[in-house]
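**Student:** Just passing along the structure, written as structure tokens.
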Amino acid sequence: MMLAPVRPTSLDDVVKVVKAANKWPPFAVSVRGHRHSINGQADTRMKCVVVEMGKGIKGPKVWEKEMYVDVWGGELWIDVLKATMEYGLAPMSWTDYLYLSVGGTLSNAGISGQTFNYGPQISNVF
Ligand SMILES: Cc1cc2nc3c(=O)[nH]c(=O)nc-3n(C[C@H](O)[C@H](O)[C@H](O)COP(=O)(O)OP(=O)(O)OC[C@H]3O[C@@H](n4cnc5c(N)ncnc54)[C@H](O)[C@@H]3O)c2cc1C
């Protein structure tokens, strides 16, 4: 049951919510990406505050030479692709549908055709 949504604009906002959850009265913290999971995975049975990740405020940061990209957990894969394509790069592993959040697909591995060659998305992040 959702008590309230929180729309963080920084990592610090998320840290504050998690710390507050341990104070009295305690509450659960849930996270939502783009809300496409169909079995209520982003909900809890307990009273909870839902962190709605949304898009990052800065957008993906591409490290061209090192060939990686820094992204906010709520960023959509379509936007990650657009940002990397500007440098002639693309993530190694995909989902077929790209309007899913990075955090949301990593929570269930993230699979597609490239998984056979490069592993699921979760094997390509650090
Ligand atoms: C049309 C469609 C096509 C799909 N195609 C594929 C596919 O090709 N390959 C594939 O692997 N999957 C596919 N999926 C499944 C999809 O990967 C999952 O449903 C995914 O969880 C949805 O991402 P979301 O951003 O909507 O996450 P949500 O539904 O918002 O959240 C899903 C789970 O992730 C958790 N979560 C979300 N963000 C974070 C975060 N930042 N940190 C920690 N936990 C977080 C939530 O708490 C929840 O448990 C598809 C789904 C749809 C609807």
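Labels used: A, B, ... for chains in the order of the structure tokens, numbers from 1 for residues in each chain, and numbers from 1 for ligands as shown.
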Could you give me the residues within stretch 28-120 of chain A that DSSP places in strand (DSSP E or B), as number ranges by chain?
**Tutor:** A: 28-32, 48-52, 61-63, 68-70, 76, 101
**Student:** List the neighbours of A:Tyr118 out to 10 Å using only C-alpha atoms; skip same-chain residues closer than 3 positions along the sequence, and give me the result as a PyMOL selection string.
**Tutor:** chain A and resi 92-94+113-115+121+123-124
**Student:** Kindly export the residues of the current selection with N, CA, C and O atoms, as a PDB file, in the first residue's frame.
**Tutor:**
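Result file is again-v1.pdb:
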```
ATOM      1  N   MET A  92      26.011  -3.327 -25.019  1.00  0.00           N
ATOM      2  CA  MET A  92      26.249  -4.678 -25.544  1.00  0.00           C
ATOM      3  C   MET A  92      24.991  -5.529 -25.566  1.00  0.00           C
ATOM      4  O   MET A  92      24.818  -6.378 -26.425  1.00  0.00           O
ATOM      5  N   SER A  93      24.124  -5.323 -24.575  1.00  0.00           N
ATOM      6  CA  SER A  93      22.997  -6.234 -24.401  1.00  0.00           C
ATOM      7  C   SER A  93      21.714  -5.429 -24.214  1.00  0.00           C
ATOM      8  O   SER A  93      21.702  -4.422 -23.499  1.00  0.00           O
ATOM      9  N   TRP A  94      20.652  -5.902 -24.830  1.00  0.00           N
ATOM     10  CA  TRP A  94      19.417  -5.143 -24.935  1.00  0.00           C
ATOM     11  C   TRP A  94      18.204  -5.875 -24.399  1.00  0.00           C
ATOM     12  O   TRP A  94      18.253  -7.062 -24.155  1.00  0.00           O
ATOM     13  N   GLY A 113      18.078 -10.966 -27.887  1.00  0.00           N
ATOM     14  CA  GLY A 113      18.897 -11.813 -28.764  1.00  0.00           C
ATOM     15  C   GLY A 113      20.384 -11.728 -28.459  1.00  0.00           C
ATOM     16  O   GLY A 113      21.113 -12.726 -28.530  1.00  0.00           O
ATOM     17  N   GLN A 114      20.856 -10.530 -28.071  1.00  0.00           N
ATOM     18  CA  GLN A 114      22.305 -10.369 -27.811  1.00  0.00           C
ATOM     19  C   GLN A 114      22.777 -11.153 -26.603  1.00  0.00           C
ATOM     20  O   GLN A 114      23.972 -11.366 -26.415  1.00  0.00           O
ATOM     21  N   THR A 115      21.820 -11.574 -25.769  1.00  0.00           N
ATOM     22  CA  THR A 115      22.174 -12.315 -24.551  1.00  0.00           C
ATOM     23  C   THR A 115      22.984 -13.574 -24.893  1.00  0.00           C
ATOM     24  O   THR A 115      23.880 -13.972 -24.148  1.00  0.00           O
ATOM     25  N   GLN A 121      21.763  -8.096 -19.672  1.00  0.00           N
ATOM     26  CA  GLN A 121      22.219  -6.740 -19.340  1.00  0.00           C
ATOM     27  C   GLN A 121      22.938  -6.705 -17.991  1.00  0.00           C
ATOM     28  O   GLN A 121      23.918  -5.988 -17.835  1.00  0.00           O
ATOM     29  N   SER A 123      24.918  -8.611 -16.724  1.00  0.00           N
ATOM     30  CA  SER A 123      26.323  -9.024 -16.825  1.00  0.00           C
ATOM     31  C   SER A 123      27.179  -7.967 -17.504  1.00  0.00           C
ATOM     32  O   SER A 123      28.376  -8.161 -17.682  1.00  0.00           O
ATOM     33  N   ASN A 124      26.546  -6.871 -17.916  1.00  0.00           N
ATOM     34  CA  ASN A 124      27.286  -5.844 -18.647  1.00  0.00           C
ATOM     35  C   ASN A 124      27.270  -4.492 -17.943  1.00  0.00           C
ATOM     36  O   ASN A 124      27.425  -3.453 -18.577  1.00  0.00           O
TER      37      ASN A 124
END
```
**Student:** I'd like to know which residues of chain A are helix (DSSP H, G or I) (by DSSP, run on the backbone); could you write them as a PyMOL selection string?
**Tutor:** chain A and resi 11-21+77-85+102-106+115-118+121-124
**Student:** For those residues, write N, CA, C and O atoms to a file as a CSV table (one decimal), in the first residue's frame.
**Tutor:**
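Wrote it out as selection_13.csv, contents follow:
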```
chain,number,residue,atom,x,y,z
A,11,LEU,N,20.8,11.5,-6.0
A,11,LEU,CA,21.1,10.3,-5.2
A,11,LEU,C,20.8,10.6,-3.7
A,11,LEU,O,20.3,9.8,-3.0
A,12,ASP,N,21.2,11.8,-3.3
A,12,ASP,CA,21.0,12.2,-2.0
A,12,ASP,C,19.5,12.1,-1.5
A,12,ASP,O,19.2,11.7,-0.4
A,13,ASP,N,18.6,12.4,-2.4
A,13,ASP,CA,17.2,12.3,-2.1
A,13,ASP,C,16.8,10.9,-1.8
A,13,ASP,O,16.1,10.6,-0.8
A,14,VAL,N,17.4,9.9,-2.5
A,14,VAL,CA,17.1,8.5,-2.3
A,14,VAL,C,17.7,8.1,-0.9
A,14,VAL,O,17.0,7.4,-0.2
A,15,VAL,N,18.9,8.5,-0.7
A,15,VAL,CA,19.5,8.2,0.6
A,15,VAL,C,18.7,8.7,1.8
A,15,VAL,O,18.4,8.0,2.8
A,16,LYS,N,18.1,9.9,1.7
A,16,LYS,CA,17.3,10.5,2.7
A,16,LYS,C,16.1,9.6,3.0
A,16,LYS,O,15.7,9.4,4.1
A,17,VAL,N,15.4,9.2,1.9
A,17,VAL,CA,14.2,8.3,2.1
A,17,VAL,C,14.6,7.1,2.8
A,17,VAL,O,13.9,6.6,3.7
A,18,VAL,N,15.6,6.4,2.4
A,18,VAL,CA,16.0,5.1,3.0
A,18,VAL,C,16.3,5.3,4.5
A,18,VAL,O,15.9,4.5,5.3
A,19,LYS,N,17.1,6.4,4.8
A,19,LYS,CA,17.4,6.6,6.2
A,19,LYS,C,16.1,6.9,7.0
A,19,LYS,O,16.0,6.5,8.1
A,20,ALA,N,15.2,7.7,6.4
A,20,ALA,CA,14.0,8.0,7.2
A,20,ALA,C,13.1,6.8,7.4
A,20,ALA,O,12.4,6.7,8.4
A,21,ALA,N,13.2,5.8,6.5
A,21,ALA,CA,12.4,4.6,6.7
A,21,ALA,C,12.7,3.8,7.9
A,21,ALA,O,11.9,3.0,8.4
A,77,TRP,N,16.0,2.9,-21.7
A,77,TRP,CA,17.0,2.3,-22.6
A,77,TRP,C,17.0,3.1,-23.9
A,77,TRP,O,18.1,3.2,-24.6
A,78,ILE,N,15.9,3.5,-24.4
A,78,ILE,CA,15.9,4.3,-25.7
A,78,ILE,C,16.7,5.5,-25.6
A,78,ILE,O,17.4,5.9,-26.6
A,79,ASP,N,16.7,6.2,-24.4
A,79,ASP,CA,17.5,7.4,-24.3
A,79,ASP,C,19.0,7.1,-24.1
A,79,ASP,O,19.9,7.8,-24.5
A,80,VAL,N,19.3,5.9,-23.5
A,80,VAL,CA,20.7,5.5,-23.4
A,80,VAL,C,21.2,5.2,-24.8
A,80,VAL,O,22.3,5.6,-25.1
A,81,LEU,N,20.4,4.5,-25.6
A,81,LEU,CA,20.8,4.2,-27.0
A,81,LEU,C,21.1,5.5,-27.8
A,81,LEU,O,22.1,5.7,-28.4
A,82,LYS,N,20.2,6.5,-27.7
A,82,LYS,CA,20.3,7.7,-28.4
A,82,LYS,C,21.6,8.4,-28.0
A,82,LYS,O,22.3,9.0,-28.8
A,83,ALA,N,21.9,8.4,-26.7
A,83,ALA,CA,23.1,9.1,-26.2
A,83,ALA,C,24.4,8.5,-26.7
A,83,ALA,O,25.3,9.1,-27.1
A,84,THR,N,24.4,7.1,-26.7
A,84,THR,CA,25.6,6.4,-27.1
A,84,THR,C,25.8,6.5,-28.6
A,84,THR,O,26.9,6.5,-29.0
A,85,MET,N,24.7,6.5,-29.3
A,85,MET,CA,24.8,6.5,-30.8
A,85,MET,C,25.5,7.7,-31.3
A,85,MET,O,26.1,7.8,-32.3
A,102,VAL,N,16.4,1.4,-16.9
A,102,VAL,CA,17.6,0.6,-16.7
A,102,VAL,C,17.5,-0.2,-15.4
A,102,VAL,O,17.7,-1.4,-15.4
A,103,GLY,N,17.0,0.5,-14.3
A,103,GLY,CA,16.8,-0.2,-13.0
A,103,GLY,C,15.8,-1.3,-13.1
A,103,GLY,O,16.0,-2.4,-12.6
A,104,GLY,N,14.7,-1.1,-13.9
A,104,GLY,CA,13.7,-2.1,-14.0
A,104,GLY,C,14.1,-3.3,-14.7
A,104,GLY,O,13.8,-4.4,-14.3
A,105,THR,N,14.9,-3.2,-15.8
A,105,THR,CA,15.3,-4.4,-16.5
A,105,THR,C,16.5,-5.1,-15.8
A,105,THR,O,16.5,-6.3,-15.8
A,106,LEU,N,17.3,-4.3,-15.1
A,106,LEU,CA,18.4,-5.0,-14.4
A,106,LEU,C,17.9,-5.8,-13.2
A,106,LEU,O,18.5,-6.8,-12.8
A,115,THR,N,21.8,-11.6,-25.8
A,115,THR,CA,22.2,-12.3,-24.6
A,115,THR,C,23.0,-13.6,-24.9
A,115,THR,O,23.9,-14.0,-24.1
A,116,PHE,N,22.7,-14.2,-26.1
A,116,PHE,CA,23.4,-15.4,-26.4
A,116,PHE,C,24.9,-15.1,-26.6
A,116,PHE,O,25.7,-16.0,-26.4
A,117,ASN,N,25.2,-13.9,-27.1
A,117,ASN,CA,26.6,-13.6,-27.3
A,117,ASN,C,27.3,-12.9,-26.1
A,117,ASN,O,28.5,-13.1,-25.8
A,118,TYR,N,26.5,-12.0,-25.5
A,118,TYR,CA,27.2,-11.1,-24.5
A,118,TYR,C,26.6,-11.2,-23.1
A,118,TYR,O,27.0,-10.5,-22.2
A,121,GLN,N,21.8,-8.1,-19.7
A,121,GLN,CA,22.2,-6.7,-19.3
A,121,GLN,C,22.9,-6.7,-18.0
A,121,GLN,O,23.9,-6.0,-17.8
A,122,ILE,N,22.4,-7.5,-17.0
A,122,ILE,CA,23.0,-7.4,-15.7
A,122,ILE,C,24.5,-7.9,-15.7
A,122,ILE,O,25.3,-7.5,-14.8
A,123,SER,N,24.9,-8.6,-16.7
A,123,SER,CA,26.3,-9.0,-16.8
A,123,SER,C,27.2,-8.0,-17.5
A,123,SER,O,28.4,-8.2,-17.7
A,124,ASN,N,26.5,-6.9,-17.9
A,124,ASN,CA,27.3,-5.8,-18.6
A,124,ASN,C,27.3,-4.5,-17.9
A,124,ASN,O,27.4,-3.5,-18.6
```
**Student:** So, counting only C-alpha atoms, which residue among A:Ala42, A:Phe126, A:Glu52, A:Tyr87 is closest to A:Val71?
**Tutor:**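 Under the stated criterion, the closest residue is A:Phe126.
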**Student:** Tell me which of A:Trp63, A:Phe27, A:Tyr97, A:Tyr68 sits closest to ligand 1, counting only C-alpha atoms and all ligand atoms.
**Tutor:**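 Using only C-alpha atoms and all ligand atoms, ligand 1 sits closest to A:Tyr97.
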**Student:** Which residue out of A:Met1, A:Cys48, A:Leu98, A:Ala90 has the minimum interatomic distance to A:Val69 when only C-alpha atoms are used?
**Tutor:**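 When distances to A:Val69 are compared using only C-alpha atoms, the smallest one comes from A:Ala90.
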**Student:** Contacts between ligand 1 and chain A, please, where a residue of chain A counts if it comes within 9 Å (with only C-alpha atoms and all ligand atoms); show its shortest atom pair and distance in Å to one decimal, rows by chain and ascending number, as JSON lines.
**Tutor:**
```
{"residue": "A:Ser30", "atom": "CA", "partner": "ligand 1", "partner_atom_place_in_ligand_line": "47 (O)", "distance": 5.6}
{"residue": "A:Val31", "atom": "CA", "partner": "ligand 1", "partner_atom_place_in_ligand_line": "47 (O)", "distance": 4.1}
{"residue": "A:Arg32", "atom": "CA", "partner": "ligand 1", "partner_atom_place_in_ligand_line": "30 (O)", "distance": 3.8}
{"residue": "A:Gly33", "atom": "CA", "partner": "ligand 1", "partner_atom_place_in_ligand_line": "30 (O)", "distance": 3.3}
{"residue": "A:His34", "atom": "CA", "partner": "ligand 1", "partner_atom_place_in_ligand_line": "26 (O)", "distance": 3.6}
{"residue": "A:Arg35", "atom": "CA", "partner": "ligand 1", "partner_atom_place_in_ligand_line": "30 (O)", "distance": 3.4}
{"residue": "A:His36", "atom": "CA", "partner": "ligand 1", "partner_atom_place_in_ligand_line": "26 (O)", "distance": 3.4}
{"residue": "A:Ser37", "atom": "CA", "partner": "ligand 1", "partner_atom_place_in_ligand_line": "29 (O)", "distance": 3.5}
{"residue": "A:Ile38", "atom": "CA", "partner": "ligand 1", "partner_atom_place_in_ligand_line": "19 (O)", "distance": 6.6}
{"residue": "A:Asn39", "atom": "CA", "partner": "ligand 1", "partner_atom_place_in_ligand_line": "29 (O)", "distance": 8.6}
{"residue": "A:Gly40", "atom": "CA", "partner": "ligand 1", "partner_atom_place_in_ligand_line": "48 (C)", "distance": 7.6}
{"residue": "A:Gln41", "atom": "CA", "partner": "ligand 1", "partner_atom_place_in_ligand_line": "49 (O)", "distance": 4.0}
{"residue": "A:Ala42", "atom": "CA", "partner": "ligand 1", "partner_atom_place_in_ligand_line": "47 (O)", "distance": 3.8}
{"residue": "A:Asp43", "atom": "CA", "partner": "ligand 1", "partner_atom_place_in_ligand_line": "47 (O)", "distance": 7.0}
{"residue": "A:Val50", "atom": "CA", "partner": "ligand 1", "partner_atom_place_in_ligand_line": "47 (O)", "distance": 8.7}
{"residue": "A:Val51", "atom": "CA", "partner": "ligand 1", "partner_atom_place_in_ligand_line": "38 (N)", "distance": 8.7}
{"residue": "A:Glu52", "atom": "CA", "partner": "ligand 1", "partner_atom_place_in_ligand_line": "38 (N)", "distance": 8.0}
{"residue": "A:Met53", "atom": "CA", "partner": "ligand 1", "partner_atom_place_in_ligand_line": "41 (N)", "distance": 6.3}
{"residue": "A:Trp72", "atom": "CA", "partner": "ligand 1", "partner_atom_place_in_ligand_line": "41 (N)", "distance": 7.6}
{"residue": "A:Gly73", "atom": "CA", "partner": "ligand 1", "partner_atom_place_in_ligand_line": "41 (N)", "distance": 4.0}
{"residue": "A:Gly74", "atom": "CA", "partner": "ligand 1", "partner_atom_place_in_ligand_line": "41 (N)", "distance": 5.5}
{"residue": "A:Glu75", "atom": "CA", "partner": "ligand 1", "partner_atom_place_in_ligand_line": "25 (O)", "distance": 8.4}
{"residue": "A:Leu76", "atom": "CA", "partner": "ligand 1", "partner_atom_place_in_ligand_line": "25 (O)", "distance": 7.3}
{"residue": "A:Trp94", "atom": "CA", "partner": "ligand 1", "partner_atom_place_in_ligand_line": "9 (N)", "distance": 7.2}
{"residue": "A:Thr95", "atom": "CA", "partner": "ligand 1", "partner_atom_place_in_ligand_line": "8 (O)", "distance": 3.8}
{"residue": "A:Asp96", "atom": "CA", "partner": "ligand 1", "partner_atom_place_in_ligand_line": "8 (O)", "distance": 3.7}
{"residue": "A:Tyr97", "atom": "CA", "partner": "ligand 1", "partner_atom_place_in_ligand_line": "3 (C)", "distance": 4.7}
{"residue": "A:Leu98", "atom": "CA", "partner": "ligand 1", "partner_atom_place_in_ligand_line": "5 (N)", "distance": 7.7}
{"residue": "A:Tyr99", "atom": "CA", "partner": "ligand 1", "partner_atom_place_in_ligand_line": "25 (O)", "distance": 7.5}
{"residue": "A:Leu100", "atom": "CA", "partner": "ligand 1", "partner_atom_place_in_ligand_line": "25 (O)", "distance": 4.1}
{"residue": "A:Ser101", "atom": "CA", "partner": "ligand 1", "partner_atom_place_in_ligand_line": "25 (O)", "distance": 3.5}
{"residue": "A:Val102", "atom": "CA", "partner": "ligand 1", "partner_atom_place_in_ligand_line": "25 (O)", "distance": 6.5}
{"residue": "A:Gly103", "atom": "CA", "partner": "ligand 1", "partner_atom_place_in_ligand_line": "41 (N)", "distance": 3.7}
{"residue": "A:Gly104", "atom": "CA", "partner": "ligand 1", "partner_atom_place_in_ligand_line": "27 (O)", "distance": 3.4}
{"residue": "A:Thr105", "atom": "CA", "partner": "ligand 1", "partner_atom_place_in_ligand_line": "17 (O)", "distance": 4.1}
{"residue": "A:Leu106", "atom": "CA", "partner": "ligand 1", "partner_atom_place_in_ligand_line": "34 (O)", "distance": 7.3}
{"residue": "A:Ser107", "atom": "CA", "partner": "ligand 1", "partner_atom_place_in_ligand_line": "34 (O)", "distance": 4.8}
{"residue": "A:Asn108", "atom": "CA", "partner": "ligand 1", "partner_atom_place_in_ligand_line": "21 (O)", "distance": 6.1}
{"residue": "A:Ala109", "atom": "CA", "partner": "ligand 1", "partner_atom_place_in_ligand_line": "11 (O)", "distance": 6.2}
{"residue": "A:Gly110", "atom": "CA", "partner": "ligand 1", "partner_atom_place_in_ligand_line": "11 (O)", "distance": 3.4}
{"residue": "A:Ile111", "atom": "CA", "partner": "ligand 1", "partner_atom_place_in_ligand_line": "11 (O)", "distance": 3.8}
{"residue": "A:Ser112", "atom": "CA", "partner": "ligand 1", "partner_atom_place_in_ligand_line": "8 (O)", "distance": 5.2}
{"residue": "A:Gly113", "atom": "CA", "partner": "ligand 1", "partner_atom_place_in_ligand_line": "8 (O)", "distance": 8.5}
{"residue": "A:Pro120", "atom": "CA", "partner": "ligand 1", "partner_atom_place_in_ligand_line": "11 (O)", "distance": 7.9}
{"residue": "A:Gln121", "atom": "CA", "partner": "ligand 1", "partner_atom_place_in_ligand_line": "11 (O)", "distance": 8.2}
```
**Student:** Using only C-alpha atoms, please write the residues we just selected to a file, as a PDB file, in the first residue's frame.
**Tutor:**
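Below you can see selection_24.pdb, which holds the result:
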```pdb
ATOM      1  CA  SER A  30       9.720   0.516  -2.954  1.00  0.00           C
ATOM      2  CA  VAL A  31      11.179   1.628  -6.283  1.00  0.00           C
ATOM      3  CA  ARG A  32       9.446   2.169  -9.602  1.00  0.00           C
ATOM      4  CA  GLY A  33      11.019   2.508 -13.000  1.00  0.00           C
ATOM      5  CA  HIS A  34       8.655   2.823 -15.943  1.00  0.00           C
ATOM      6  CA  ARG A  35       5.912   0.673 -14.277  1.00  0.00           C
ATOM      7  CA  HIS A  36       5.817  -2.035 -16.942  1.00  0.00           C
ATOM      8  CA  SER A  37       6.167  -5.047 -14.660  1.00  0.00           C
ATOM      9  CA  ILE A  38       2.783  -6.732 -14.685  1.00  0.00           C
ATOM     10  CA  ASN A  39       2.657  -8.504 -11.331  1.00  0.00           C
ATOM     11  CA  GLY A  40       3.034  -5.590  -8.959  1.00  0.00           C
ATOM     12  CA  GLN A  41       6.774  -6.106  -8.486  1.00  0.00           C
ATOM     13  CA  ALA A  42       7.197  -2.429  -7.615  1.00  0.00           C
ATOM     14  CA  ASP A  43       4.593  -2.601  -4.805  1.00  0.00           C
ATOM     15  CA  VAL A  50       7.449   4.586  -3.548  1.00  0.00           C
ATOM     16  CA  VAL A  51      10.552   6.109  -5.077  1.00  0.00           C
ATOM     17  CA  GLU A  52       9.570   6.953  -8.651  1.00  0.00           C
ATOM     18  CA  MET A  53      12.874   7.092 -10.423  1.00  0.00           C
ATOM     19  CA  TRP A  72      20.485   7.174 -13.617  1.00  0.00           C
ATOM     20  CA  GLY A  73      18.505   4.030 -12.703  1.00  0.00           C
ATOM     21  CA  GLY A  74      15.286   5.530 -14.066  1.00  0.00           C
ATOM     22  CA  GLU A  75      16.722   6.340 -17.478  1.00  0.00           C
ATOM     23  CA  LEU A  76      14.973   4.642 -20.385  1.00  0.00           C
ATOM     24  CA  TRP A  94      19.417  -5.143 -24.935  1.00  0.00           C
ATOM     25  CA  THR A  95      15.768  -5.775 -24.295  1.00  0.00           C
ATOM     26  CA  ASP A  96      13.554  -5.947 -27.378  1.00  0.00           C
ATOM     27  CA  TYR A  97      11.372  -3.117 -26.060  1.00  0.00           C
ATOM     28  CA  LEU A  98      13.424  -0.027 -25.215  1.00  0.00           C
ATOM     29  CA  TYR A  99      10.904   2.069 -23.255  1.00  0.00           C
ATOM     30  CA  LEU A 100      11.874   0.286 -20.044  1.00  0.00           C
ATOM     31  CA  SER A 101      14.078   1.738 -17.336  1.00  0.00           C
ATOM     32  CA  VAL A 102      17.629   0.630 -16.684  1.00  0.00           C
ATOM     33  CA  GLY A 103      16.848  -0.218 -13.034  1.00  0.00           C
ATOM     34  CA  GLY A 104      13.662  -2.053 -14.019  1.00  0.00           C
ATOM     35  CA  THR A 105      15.311  -4.391 -16.525  1.00  0.00           C
ATOM     36  CA  LEU A 106      18.401  -4.992 -14.403  1.00  0.00           C
ATOM     37  CA  SER A 107      16.086  -6.175 -11.626  1.00  0.00           C
ATOM     38  CA  ASN A 108      15.154  -9.159 -13.809  1.00  0.00           C
ATOM     39  CA  ALA A 109      18.440  -9.496 -15.751  1.00  0.00           C
ATOM     40  CA  GLY A 110      17.323  -7.920 -19.058  1.00  0.00           C
ATOM     41  CA  ILE A 111      17.415 -10.344 -21.956  1.00  0.00           C
ATOM     42  CA  SER A 112      17.198 -10.263 -25.728  1.00  0.00           C
ATOM     43  CA  GLY A 113      18.897 -11.813 -28.764  1.00  0.00           C
ATOM     44  CA  PRO A 120      22.063 -10.470 -20.079  1.00  0.00           C
ATOM     45  CA  GLN A 121      22.219  -6.740 -19.340  1.00  0.00           C
TER      46      GLN A 121
END
```
**Student:** Rank A:Ala28, A:Leu89, A:Ala4, A:Val125 by their smallest atom-to-atom distance to A:Lys65, using only C-alpha atoms, and report the top residue only.
**Tutor:** A:Leu89
**Student:** Please indicate the distance in Å from atom CA of A:Gly56 to atom CA of A:Thr44, rounded to one decimal place.
**Tutor:**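 Separation of atom CA of A:Gly56 and atom CA of A:Thr44: 24.2 Å.
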**Student:** Choose the residue, out of A:Lys23, A:Lys47, A:Lys61, A:Lys55, that has the smallest atom-to-atom separation from A:Thr9; count only C-alpha atoms.
**Tutor:**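 Looking at the shortest contact to A:Thr9, the residue is A:Lys55.
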